[in-house]
>>> print(open('my_file-v1.pdb').read())   # PDB, C-alpha atoms
ATOM      1  CA  MET B  16     145.301  79.897 247.843
ATOM      2  CA  SER B  17     143.841  83.406 247.892
ATOM      3  CA  TRP B  18     146.466  84.432 250.475
ATOM      4  CA  LEU B  19     148.971  84.569 247.600
ATOM      5  CA  GLY B  20     146.985  87.271 245.901
ATOM      6  CA  LYS B  21     147.063  89.343 249.067
ATOM      7  CA  LEU B  22     150.848  89.141 249.007
ATOM      8  CA  GLY B  23     150.918  90.474 245.471
ATOM      9  CA  PHE B  24     151.607  87.219 243.634
ATOM     10  CA  GLY B  25     149.827  86.611 240.357
ATOM     11  CA  ASN B  26     150.015  90.197 239.140
ATOM     12  CA  ARG B  27     151.454  90.960 235.743
ATOM     13  CA  ALA B  28     152.623  94.403 234.769
ATOM     14  CA  THR B  29     150.258  94.437 231.827
ATOM     15  CA  ASN B  30     147.475  92.089 230.850
ATOM     16  CA  PRO B  31     146.664  92.071 227.125
ATOM     17  CA  THR B  32     143.127  91.032 227.995
ATOM     18  CA  SER B  33     142.361  94.460 229.413
ATOM     19  CA  GLN B  34     142.901  95.981 225.960
ATOM     20  CA  MET B  35     140.989  93.314 224.079
ATOM     21  CA  ASP B  36     137.397  93.310 222.893
ATOM     22  CA  PRO B  37     135.479  91.091 225.360
ATOM     23  CA  SER B  38     133.905  88.950 222.653
ATOM     24  CA  ALA B  39     137.285  88.363 220.987
ATOM     25  CA  SER B  40     138.839  87.502 224.345
ATOM     26  CA  ALA B  41     136.093  84.976 225.122
ATOM     27  CA  SER B  42     136.367  83.436 221.667
ATOM     28  CA  LEU B  43     140.093  82.857 222.119
ATOM     29  CA  ALA B  44     139.653  81.462 225.610
ATOM     30  CA  GLN B  45     136.960  79.021 224.490
ATOM     31  CA  ALA B  46     138.957  77.676 221.546
ATOM     32  CA  PRO B  47     140.139  74.047 221.668
ATOM     33  CA  ASP B  48     143.496  73.274 223.226
ATOM     34  CA  ASP B  49     145.586  72.998 220.073
ATOM     35  CA  ASP B  50     148.926  72.376 221.760
ATOM     36  CA  ILE B  51     150.641  69.191 220.642
ATOM     37  CA  PRO B  52     152.096  66.633 223.068
ATOM     38  CA  SER B  53     155.537  65.140 222.574
ATOM     39  CA  PRO B  54     155.828  62.246 220.095
ATOM     40  CA  GLY B  55     154.327  59.062 221.507
ATOM     41  CA  GLN B  56     152.595  60.952 224.326
ATOM     42  CA  GLU B  57     148.985  61.942 224.949
ATOM     43  CA  PHE B  58     147.404  64.817 226.852
ATOM     44  CA  ALA B  59     144.957  64.550 229.757
ATOM     45  CA  GLN B  60     143.487  67.413 231.757
ATOM     46  CA  PHE B  61     141.779  67.417 235.156
ATOM     47  CA  GLY B  62     140.380  69.895 237.646
ATOM     48  CA  ALA B  63     140.058  68.615 241.204
ATOM     49  CA  GLY B  64     140.516  71.550 243.559
ATOM     50  CA  CYS B  65     143.763  73.379 244.329
ATOM     51  CA  PHE B  66     146.101  72.331 241.551
ATOM     52  CA  TRP B  67     149.191  72.025 243.763
ATOM     53  CA  GLY B  68     148.215  68.756 245.418
ATOM     54  CA  VAL B  69     146.526  67.406 242.311
ATOM     55  CA  GLU B  70     149.689  67.884 240.294
ATOM     56  CA  LEU B  71     151.824  66.061 242.844
ATOM     57  CA  ALA B  72     149.422  63.110 242.916
ATOM     58  CA  PHE B  73     149.716  62.744 239.147
ATOM     59  CA  GLN B  74     153.474  63.317 239.106
ATOM     60  CA  ARG B  75     153.791  60.102 241.106
ATOM     61  CA  VAL B  76     151.927  58.000 238.537
ATOM     62  CA  PRO B  77     154.164  55.722 236.442
ATOM     63  CA  GLY B  78     153.804  56.691 232.809
ATOM     64  CA  VAL B  79     153.134  60.378 233.460
ATOM     65  CA  THR B  80     156.035  62.115 231.782
ATOM     66  CA  LYS B  81     155.159  65.784 232.247
ATOM     67  CA  SER B  82     152.756  67.896 234.290
ATOM     68  CA  GLU B  83     151.778  71.550 234.158
ATOM     69  CA  VAL B  84     149.250  73.524 236.156
ATOM     70  CA  GLY B  85     147.142  76.237 234.613
ATOM     71  CA  TYR B  86     143.753  77.731 233.869
ATOM     72  CA  THR B  87     141.080  76.704 231.365
ATOM     73  CA  GLN B  88     137.363  76.778 230.533
ATOM     74  CA  GLY B  89     137.155  80.517 231.188
ATOM     75  CA  VAL B  90     135.997  83.541 229.227
ATOM     76  CA  ILE B  91     139.063  85.788 229.081
ATOM     77  CA  HIS B  92     142.272  85.303 227.155
ATOM     78  CA  ASN B  93     145.591  85.073 229.006
ATOM     79  CA  PRO B  94     144.262  85.237 232.596
ATOM     80  CA  THR B  95     146.458  85.832 235.610
ATOM     81  CA  TYR B  96     146.152  84.049 238.934
ATOM     82  CA  GLU B  97     144.691  87.249 240.315
ATOM     83  CA  ASP B  98     142.064  87.284 237.552
ATOM     84  CA  VAL B  99     141.068  83.701 238.241
ATOM     85  CA  CYS B 100     140.798  84.307 241.994
ATOM     86  CA  THR B 101     138.109  86.956 241.425
ATOM     87  CA  GLY B 102     135.725  84.173 240.453
ATOM     88  CA  THR B 103     134.466  86.191 237.493
ATOM     89  CA  THR B 104     136.477  84.645 234.646
ATOM     90  CA  LYS B 105     134.951  81.134 234.962
ATOM     91  CA  HIS B 106     138.365  79.493 234.704
ATOM     92  CA  ASN B 107     139.162  76.286 236.518
ATOM     93  CA  GLU B 108     142.504  75.414 238.096
ATOM     94  CA  VAL B 109     143.658  72.320 236.221
ATOM     95  CA  VAL B 110     146.564  69.992 235.730
ATOM     96  CA  ARG B 111     147.516  69.108 232.171
ATOM     97  CA  LEU B 112     149.451  65.882 231.867
ATOM     98  CA  GLN B 113     151.484  64.195 229.207
ATOM     99  CA  TYR B 114     151.493  60.457 229.598
ATOM    100  CA  ASP B 115     152.831  57.442 227.748
ATOM    101  CA  PRO B 116     149.833  55.237 226.869
ATOM    102  CA  ARG B 117     152.145  52.235 226.703
ATOM    103  CA  GLN B 118     152.825  52.612 230.423
ATOM    104  CA  CYS B 119     149.713  54.317 231.731
ATOM    105  CA  SER B 120     146.111  54.187 230.536
ATOM    106  CA  PHE B 121     143.579  57.015 230.694
ATOM    107  CA  ASP B 122     141.587  54.807 233.068
ATOM    108  CA  ASP B 123     144.597  54.740 235.401
ATOM    109  CA  LEU B 124     144.545  58.532 235.454
ATOM    110  CA  LEU B 125     140.802  58.582 236.079
ATOM    111  CA  SER B 126     141.312  56.363 239.122
ATOM    112  CA  VAL B 127     143.752  58.876 240.592
ATOM    113  CA  PHE B 128     141.360  61.713 239.771
ATOM    114  CA  TRP B 129     138.463  60.137 241.707
ATOM    115  CA  GLU B 130     140.663  59.174 244.644
ATOM    116  CA  ARG B 131     142.220  62.610 244.926
ATOM    117  CA  HIS B 132     139.094  64.714 245.587
ATOM    118  CA  ASP B 133     135.423  64.790 246.516
ATOM    119  CA  PRO B 134     133.482  65.009 243.232
ATOM    120  CA  THR B 135     130.187  65.695 245.024
ATOM    121  CA  THR B 136     130.990  69.176 246.359
ATOM    122  CA  LEU B 137     130.095  71.957 243.938
ATOM    123  CA  ASN B 138     132.831  74.558 243.451
ATOM    124  CA  ARG B 139     134.597  73.462 246.595
ATOM    125  CA  GLN B 140     137.344  71.194 247.897
ATOM    126  CA  GLY B 141     137.801  71.415 251.655
ATOM    127  CA  ASN B 142     138.443  75.008 252.639
ATOM    128  CA  ASP B 143     139.024  76.079 249.034
ATOM    129  CA  VAL B 144     135.800  77.603 247.741
ATOM    130  CA  GLY B 145     135.139  79.075 244.304
ATOM    131  CA  THR B 146     134.372  78.098 240.730
ATOM    132  CA  GLN B 147     138.109  77.656 240.085
ATOM    133  CA  TYR B 148     138.053  74.613 242.379
ATOM    134  CA  ARG B 149     135.311  72.707 240.551
ATOM    135  CA  SER B 150     135.601  69.077 239.558
ATOM    136  CA  GLY B 151     136.203  68.542 235.860
ATOM    137  CA  ILE B 152     137.494  66.124 233.247
ATOM    138  CA  TYR B 153     138.457  67.813 229.989
ATOM    139  CA  PHE B 154     138.852  65.352 227.168
ATOM    140  CA  TYR B 155     140.983  65.463 224.013
ATOM    141  CA  THR B 156     139.520  62.534 222.104
ATOM    142  CA  PRO B 157     136.181  60.709 221.770
ATOM    143  CA  GLU B 158     137.825  57.754 223.473
ATOM    144  CA  GLN B 159     138.700  59.866 226.504
ATOM    145  CA  GLU B 160     135.160  61.231 226.652
ATOM    146  CA  LYS B 161     133.666  57.731 226.552
ATOM    147  CA  ALA B 162     136.042  56.487 229.243
ATOM    148  CA  ALA B 163     135.298  59.523 231.436
ATOM    149  CA  ARG B 164     131.527  59.114 231.227
ATOM    150  CA  GLU B 165     131.668  55.391 231.895
ATOM    151  CA  SER B 166     134.020  55.971 234.812
ATOM    152  CA  LEU B 167     131.660  58.578 236.282
ATOM    153  CA  GLU B 168     128.760  56.128 236.078
ATOM    154  CA  ARG B 169     130.772  53.501 237.930
ATOM    155  CA  GLN B 170     131.868  55.993 240.552
ATOM    156  CA  GLN B 171     128.330  57.249 241.110
ATOM    157  CA  LYS B 172     127.222  53.758 242.097
ATOM    158  CA  LEU B 173     129.728  53.856 244.952
ATOM    159  CA  LEU B 174     128.531  57.165 246.407
ATOM    160  CA  ASN B 175     125.361  58.290 248.153
ATOM    161  CA  ARG B 176     125.565  61.874 246.871
ATOM    162  CA  ASN B 177     125.360  63.134 243.314
ATOM    163  CA  ILE B 178     128.615  63.672 241.457
ATOM    164  CA  VAL B 179     128.906  67.215 240.066
ATOM    165  CA  THR B 180     131.986  66.633 237.889
ATOM    166  CA  GLU B 181     131.760  68.334 234.508
ATOM    167  CA  ILE B 182     132.993  66.455 231.439
ATOM    168  CA  LEU B 183     133.817  68.836 228.598
ATOM    169  CA  PRO B 184     136.151  69.144 225.614
ATOM    170  CA  ALA B 185     139.604  70.457 226.510
ATOM    171  CA  LYS B 186     139.785  74.170 225.782
ATOM    172  CA  LYS B 187     142.728  76.541 225.575
ATOM    173  CA  PHE B 188     145.200  75.861 228.367
ATOM    174  CA  TYR B 189     146.874  78.856 229.995
ATOM    175  CA  ARG B 190     149.989  77.825 231.864
ATOM    176  CA  ALA B 191     149.980  79.259 235.384
ATOM    177  CA  GLU B 192     152.734  81.481 236.715
ATOM    178  CA  GLU B 193     156.047  79.732 237.238
ATOM    179  CA  TYR B 194     155.899  79.738 241.039
ATOM    180  CA  HIS B 195     152.807  77.492 240.822
ATOM    181  CA  GLN B 196     154.568  74.825 238.743
ATOM    182  CA  GLN B 197     155.588  71.727 240.759
ATOM    183  CA  TYR B 198     154.876  73.861 243.819
ATOM    184  CA  LEU B 199     154.907  71.078 246.404
ATOM    185  CA  ALA B 200     157.846  69.259 244.845
ATOM    186  CA  LYS B 201     159.835  72.495 245.181
ATOM    187  CA  GLY B 202     158.938  72.865 248.859
ATOM    188  CA  GLY B 203     155.583  74.614 249.050
ATOM    189  CA  ARG B 204     154.878  77.351 251.551
ATOM    190  CA  PHE B 205     157.179  76.003 254.263
ATOM    191  CA  GLY B 206     160.098  74.725 252.208
ATOM    192  CA  PHE B 207     159.499  71.010 252.791
ATOM    193  CA  LYS B 208     159.951  69.237 249.464
ATOM    194  CA  GLN B 209     157.524  66.394 248.781
ATOM    195  CA  SER B 210     158.497  63.341 246.766
ATOM    196  CA  THR B 211     157.532  62.939 243.118
ATOM    197  CA  GLU B 212     158.986  59.439 242.975
ATOM    198  CA  LYS B 213     156.880  57.117 240.875
ATOM    199  CA  GLY B 214     154.654  54.950 243.054
ATOM    200  CA  CYS B 215     155.255  57.079 246.152
ATOM    201  CA  ASN B 216     152.274  57.013 248.525
ATOM    202  CA  ASP B 217     153.459  59.502 251.142
ATOM    203  CA  PRO B 218     150.609  61.730 252.359
ATOM    204  CA  ILE B 219     150.334  64.926 250.326
ATOM    205  CA  ARG B 220     150.441  68.142 252.374
ATOM    206  CA  CYS B 221     148.382  70.428 250.192
ATOM    207  CA  TYR B 222     150.166  73.656 251.081
ATOM    208  CA  GLY B 223     153.564  72.199 251.838
TER     209      GLY B 223
END
>>> encode(input="my_file-v1.pdb", output="structure tokens")
Amino acid sequence: MSWLGKLGFGNRATNPTSQMDPSASASLAQAPDDDIPSPGQEFAQFGAGCFWGVELAFQRVPGVTKSEVGYTQGVIHNPTYEDVCTGTTKHNEVVRLQYDPRQCSFDDLLSVFWERHDPTTLNRQGNDVGTQYRSGIYFYTPEQEKAARESLERQQKLLNRNIVTEILPAKKFYRAEEYHQQYLAKGGRFGFKQSTEKGCNDPIRCYG
């Protein structure tokens, strides 16, 4: 997605981070995600390459009630898309979901996560290369961590290359710029809207 940066997207007029002590900025960025999901909902957070296609895949899952794309696991507070694309902030492009555990289990989400990307390629998915495209599961509860690690073990037995997915506590989530949100559902680069209907299995065109 670096072509967006070349067009000037992702810039903010001012970035508070530039005026902040680096150690304070890193401390804020590495704090736990303390946002609160809606009543009766739970959070889940995944990194699996370019967040546009990943978000659409999860939007189609019954029981997922909300999705947002953003940046996490980095070392500066309030990063921009342009910051993240430099590869120096250590952020990952992620999708944060709210889901209804009565309709959708965390294991269901893990299944979509493994199916959606190649977890054996380090800092890369297809033509997208950089630390912001790394594979990651960022857990909110001990139960999610346990499920993630057990799921990884099962998945590893099916593959002949080592999985490089990181499994870490969910840290502060920085919502990406508005034009990134539901990008493919809104039409993507070429204006062709892709379905978010629950259960839809239409092929996902990653850039629209």
>>> residues_around(input="my_file-v1.pdb", residues="segment 174-185 of chain B", least_positions_apart="2", cutoff="10 Å", atoms="all atoms listed in the file", output="CSV table (one decimal) with C-alpha atoms, in the coordinates of the input")
chain,number,residue,atom,x,y,z
B,45,GLN,CA,137.0,79.0,224.5
B,46,ALA,CA,139.0,77.7,221.5
B,47,PRO,CA,140.1,74.0,221.7
B,48,ASP,CA,143.5,73.3,223.2
B,49,ASP,CA,145.6,73.0,220.1
B,58,PHE,CA,147.4,64.8,226.9
B,59,ALA,CA,145.0,64.6,229.8
B,60,GLN,CA,143.5,67.4,231.8
B,61,PHE,CA,141.8,67.4,235.2
B,62,GLY,CA,140.4,69.9,237.6
B,63,ALA,CA,140.1,68.6,241.2
B,87,THR,CA,141.1,76.7,231.4
B,88,GLN,CA,137.4,76.8,230.5
B,111,ARG,CA,147.5,69.1,232.2
B,129,TRP,CA,138.5,60.1,241.7
B,133,ASP,CA,135.4,64.8,246.5
B,134,PRO,CA,133.5,65.0,243.2
B,135,THR,CA,130.2,65.7,245.0
B,136,THR,CA,131.0,69.2,246.4
B,137,LEU,CA,130.1,72.0,243.9
B,138,ASN,CA,132.8,74.6,243.5
B,149,ARG,CA,135.3,72.7,240.6
B,150,SER,CA,135.6,69.1,239.6
B,151,GLY,CA,136.2,68.5,235.9
B,152,ILE,CA,137.5,66.1,233.2
B,153,TYR,CA,138.5,67.8,230.0
B,154,PHE,CA,138.9,65.4,227.2
B,155,TYR,CA,141.0,65.5,224.0
B,156,THR,CA,139.5,62.5,222.1
B,157,PRO,CA,136.2,60.7,221.8
B,159,GLN,CA,138.7,59.9,226.5
B,160,GLU,CA,135.2,61.2,226.7
B,163,ALA,CA,135.3,59.5,231.4
B,164,ARG,CA,131.5,59.1,231.2
B,167,LEU,CA,131.7,58.6,236.3
B,168,GLU,CA,128.8,56.1,236.1
B,169,ARG,CA,130.8,53.5,237.9
B,170,GLN,CA,131.9,56.0,240.6
B,171,GLN,CA,128.3,57.2,241.1
B,172,LYS,CA,127.2,53.8,242.1
B,187,LYS,CA,142.7,76.5,225.6
B,188,PHE,CA,145.2,75.9,228.4
>>> residues_near_point(input="my_file-v1.pdb", point="(140.1, 84.3, 232.2)", cutoff="10 Å", atoms="all atoms listed in the file", output="list of chain:residue names")
B:Thr32, B:Ser40, B:Ala41, B:Ala44, B:Gln45, B:Tyr86, B:Thr87, B:Gln88, B:Gly89, B:Val90, B:Ile91, B:His92, B:Asn93, B:Pro94, B:Thr95, B:Tyr96, B:Glu97, B:Asp98, B:Val99, B:Cys100, B:Thr101, B:Gly102, B:Thr103, B:Thr104, B:Lys105, B:His106, B:Asn107, B:Tyr189
>>> write_last_selection(input="my_file-v1.pdb", atoms="C-alpha atoms", output="tab-separated table (two decimals), in the frame of the given file")
chain	number	residue	atom	x	y	z
B	32	THR	CA	143.13	91.03	228.00
B	40	SER	CA	138.84	87.50	224.34
B	41	ALA	CA	136.09	84.98	225.12
B	44	ALA	CA	139.65	81.46	225.61
B	45	GLN	CA	136.96	79.02	224.49
B	86	TYR	CA	143.75	77.73	233.87
B	87	THR	CA	141.08	76.70	231.36
B	88	GLN	CA	137.36	76.78	230.53
B	89	GLY	CA	137.16	80.52	231.19
B	90	VAL	CA	136.00	83.54	229.23
B	91	ILE	CA	139.06	85.79	229.08
B	92	HIS	CA	142.27	85.30	227.16
B	93	ASN	CA	145.59	85.07	229.01
B	94	PRO	CA	144.26	85.24	232.60
B	95	THR	CA	146.46	85.83	235.61
B	96	TYR	CA	146.15	84.05	238.93
B	97	GLU	CA	144.69	87.25	240.32
B	98	ASP	CA	142.06	87.28	237.55
B	99	VAL	CA	141.07	83.70	238.24
B	100	CYS	CA	140.80	84.31	241.99
B	101	THR	CA	138.11	86.96	241.42
B	102	GLY	CA	135.72	84.17	240.45
B	103	THR	CA	134.47	86.19	237.49
B	104	THR	CA	136.48	84.64	234.65
B	105	LYS	CA	134.95	81.13	234.96
B	106	HIS	CA	138.36	79.49	234.70
B	107	ASN	CA	139.16	76.29	236.52
B	189	TYR	CA	146.87	78.86	230.00
>>> atom_distance(input="my_file-v1.pdb", atom1="atom CA of Gly202 of chain B", atom2="atom CA of Gln56 of chain B")
28.0 Å
>>> closest_residue(input="my_file-v1.pdb", among="B:Ser166, B:Thr80, B:Ser38, B:Ser53", to="Lys213 of chain B", atoms="all atoms listed in the file")
B:Thr80
>>> closest_residue(input="my_file-v1.pdb", among="B:Ala191, B:Glu108, B:Leu71, B:Tyr222", to="Tyr148 of chain B", atoms="only C-alpha atoms")
B:Glu108
>>> closest_residue(input="my_file-v1.pdb", among="B:Arg75, B:Arg190, B:Asp36, B:Leu124", to="Asn216 of chain B", atoms="only C-alpha atoms")
B:Arg75
>>> decode(input="my_file-v1.pdb", residues="segment 143-212 of chain B", atoms="C-alpha atoms", output="mmCIF file, in the first residue's frame")
data_model
loop_
_atom_site.group_PDB
_atom_site.id
_atom_site.type_symbol
_atom_site.label_atom_id
_atom_site.label_comp_id
_atom_site.auth_asym_id
_atom_site.auth_seq_id
_atom_site.Cartn_x
_atom_site.Cartn_y
_atom_site.Cartn_z
ATOM 1 C CA ASP B 143 3.596 -6.490 0.596
ATOM 2 C CA VAL B 144 6.929 -6.461 2.404
ATOM 3 C CA GLY B 145 7.752 -4.842 5.739
ATOM 4 C CA THR B 146 7.412 -5.348 9.473
ATOM 5 C CA GLN B 147 3.914 -3.827 9.326
ATOM 6 C CA TYR B 148 2.751 -6.912 7.414
ATOM 7 C CA ARG B 149 3.872 -9.494 9.977
ATOM 8 C CA SER B 150 1.657 -12.278 11.239
ATOM 9 C CA GLY B 151 0.355 -11.731 14.750
ATOM 10 C CA ILE B 152 -2.331 -12.684 17.245
ATOM 11 C CA TYR B 153 -2.758 -10.141 20.029
ATOM 12 C CA PHE B 154 -4.730 -11.517 22.926
ATOM 13 C CA TYR B 155 -6.934 -9.795 25.512
ATOM 14 C CA THR B 156 -7.430 -12.631 27.975
ATOM 15 C CA PRO B 157 -5.550 -15.718 29.211
ATOM 16 C CA GLU B 158 -8.200 -17.805 27.492
ATOM 17 C CA GLN B 159 -7.457 -16.168 24.149
ATOM 18 C CA GLU B 160 -3.731 -16.707 24.644
ATOM 19 C CA LYS B 161 -4.234 -20.400 25.415
ATOM 20 C CA ALA B 162 -6.508 -20.864 22.407
ATOM 21 C CA ALA B 163 -4.037 -19.039 20.139
ATOM 22 C CA ARG B 164 -1.057 -21.140 21.207
ATOM 23 C CA GLU B 165 -2.959 -24.398 20.898
ATOM 24 C CA SER B 166 -4.263 -23.352 17.494
ATOM 25 C CA LEU B 167 -0.731 -22.522 16.324
ATOM 26 C CA GLU B 168 0.479 -25.962 17.400
ATOM 27 C CA ARG B 169 -2.300 -27.621 15.423
ATOM 28 C CA GLN B 170 -1.610 -25.473 12.390
ATOM 29 C CA GLN B 171 2.116 -26.184 12.497
ATOM 30 C CA LYS B 172 1.441 -29.899 12.129
ATOM 31 C CA LEU B 173 -0.245 -29.181 8.799
ATOM 32 C CA LEU B 174 2.646 -27.192 7.320
ATOM 33 C CA ASN B 175 6.160 -28.073 6.206
ATOM 34 C CA ARG B 176 7.612 -24.650 7.050
ATOM 35 C CA ASN B 177 7.921 -22.974 10.422
ATOM 36 C CA ILE B 178 5.157 -20.604 11.460
ATOM 37 C CA VAL B 179 6.498 -17.155 12.394
ATOM 38 C CA THR B 180 3.273 -15.767 13.892
ATOM 39 C CA GLU B 181 3.848 -13.756 17.054
ATOM 40 C CA ILE B 182 1.420 -14.185 19.951
ATOM 41 C CA LEU B 183 1.517 -11.196 22.292
ATOM 42 C CA PRO B 184 -0.736 -9.242 24.647
ATOM 43 C CA ALA B 185 -2.892 -6.650 22.892
ATOM 44 C CA LYS B 186 -1.279 -3.236 23.191
ATOM 45 C CA LYS B 187 -2.623 0.237 22.512
ATOM 46 C CA PHE B 188 -4.680 0.283 19.329
ATOM 47 C CA TYR B 189 -4.371 3.331 17.085
ATOM 48 C CA ARG B 190 -7.283 3.561 14.693
ATOM 49 C CA ALA B 191 -6.059 4.102 11.135
ATOM 50 C CA GLU B 192 -7.101 7.058 9.020
ATOM 51 C CA GLU B 193 -10.732 7.028 7.962
ATOM 52 C CA TYR B 194 -10.070 6.223 4.304
ATOM 53 C CA HIS B 195 -8.595 2.869 5.414
ATOM 54 C CA GLN B 196 -11.732 1.822 7.312
ATOM 55 C CA GLN B 197 -13.878 -0.746 5.440
ATOM 56 C CA TYR B 198 -11.767 0.151 2.413
ATOM 57 C CA LEU B 199 -12.831 -2.726 0.174
ATOM 58 C CA ALA B 200 -16.472 -2.587 1.225
ATOM 59 C CA LYS B 201 -16.491 1.068 0.143
ATOM 60 C CA GLY B 202 -15.023 0.244 -3.269
ATOM 61 C CA GLY B 203 -11.256 0.114 -2.895
ATOM 62 C CA ARG B 204 -8.926 1.641 -5.440
ATOM 63 C CA PHE B 205 -11.184 1.048 -8.442
ATOM 64 C CA GLY B 206 -14.604 1.738 -6.958
ATOM 65 C CA PHE B 207 -15.884 -1.847 -7.024
ATOM 66 C CA LYS B 208 -17.629 -2.507 -3.717
ATOM 67 C CA GLN B 209 -17.088 -5.966 -2.240
ATOM 68 C CA SER B 210 -19.737 -7.732 -0.194
ATOM 69 C CA THR B 211 -19.630 -7.824 3.598
ATOM 70 C CA GLU B 212 -22.652 -10.110 3.768
#
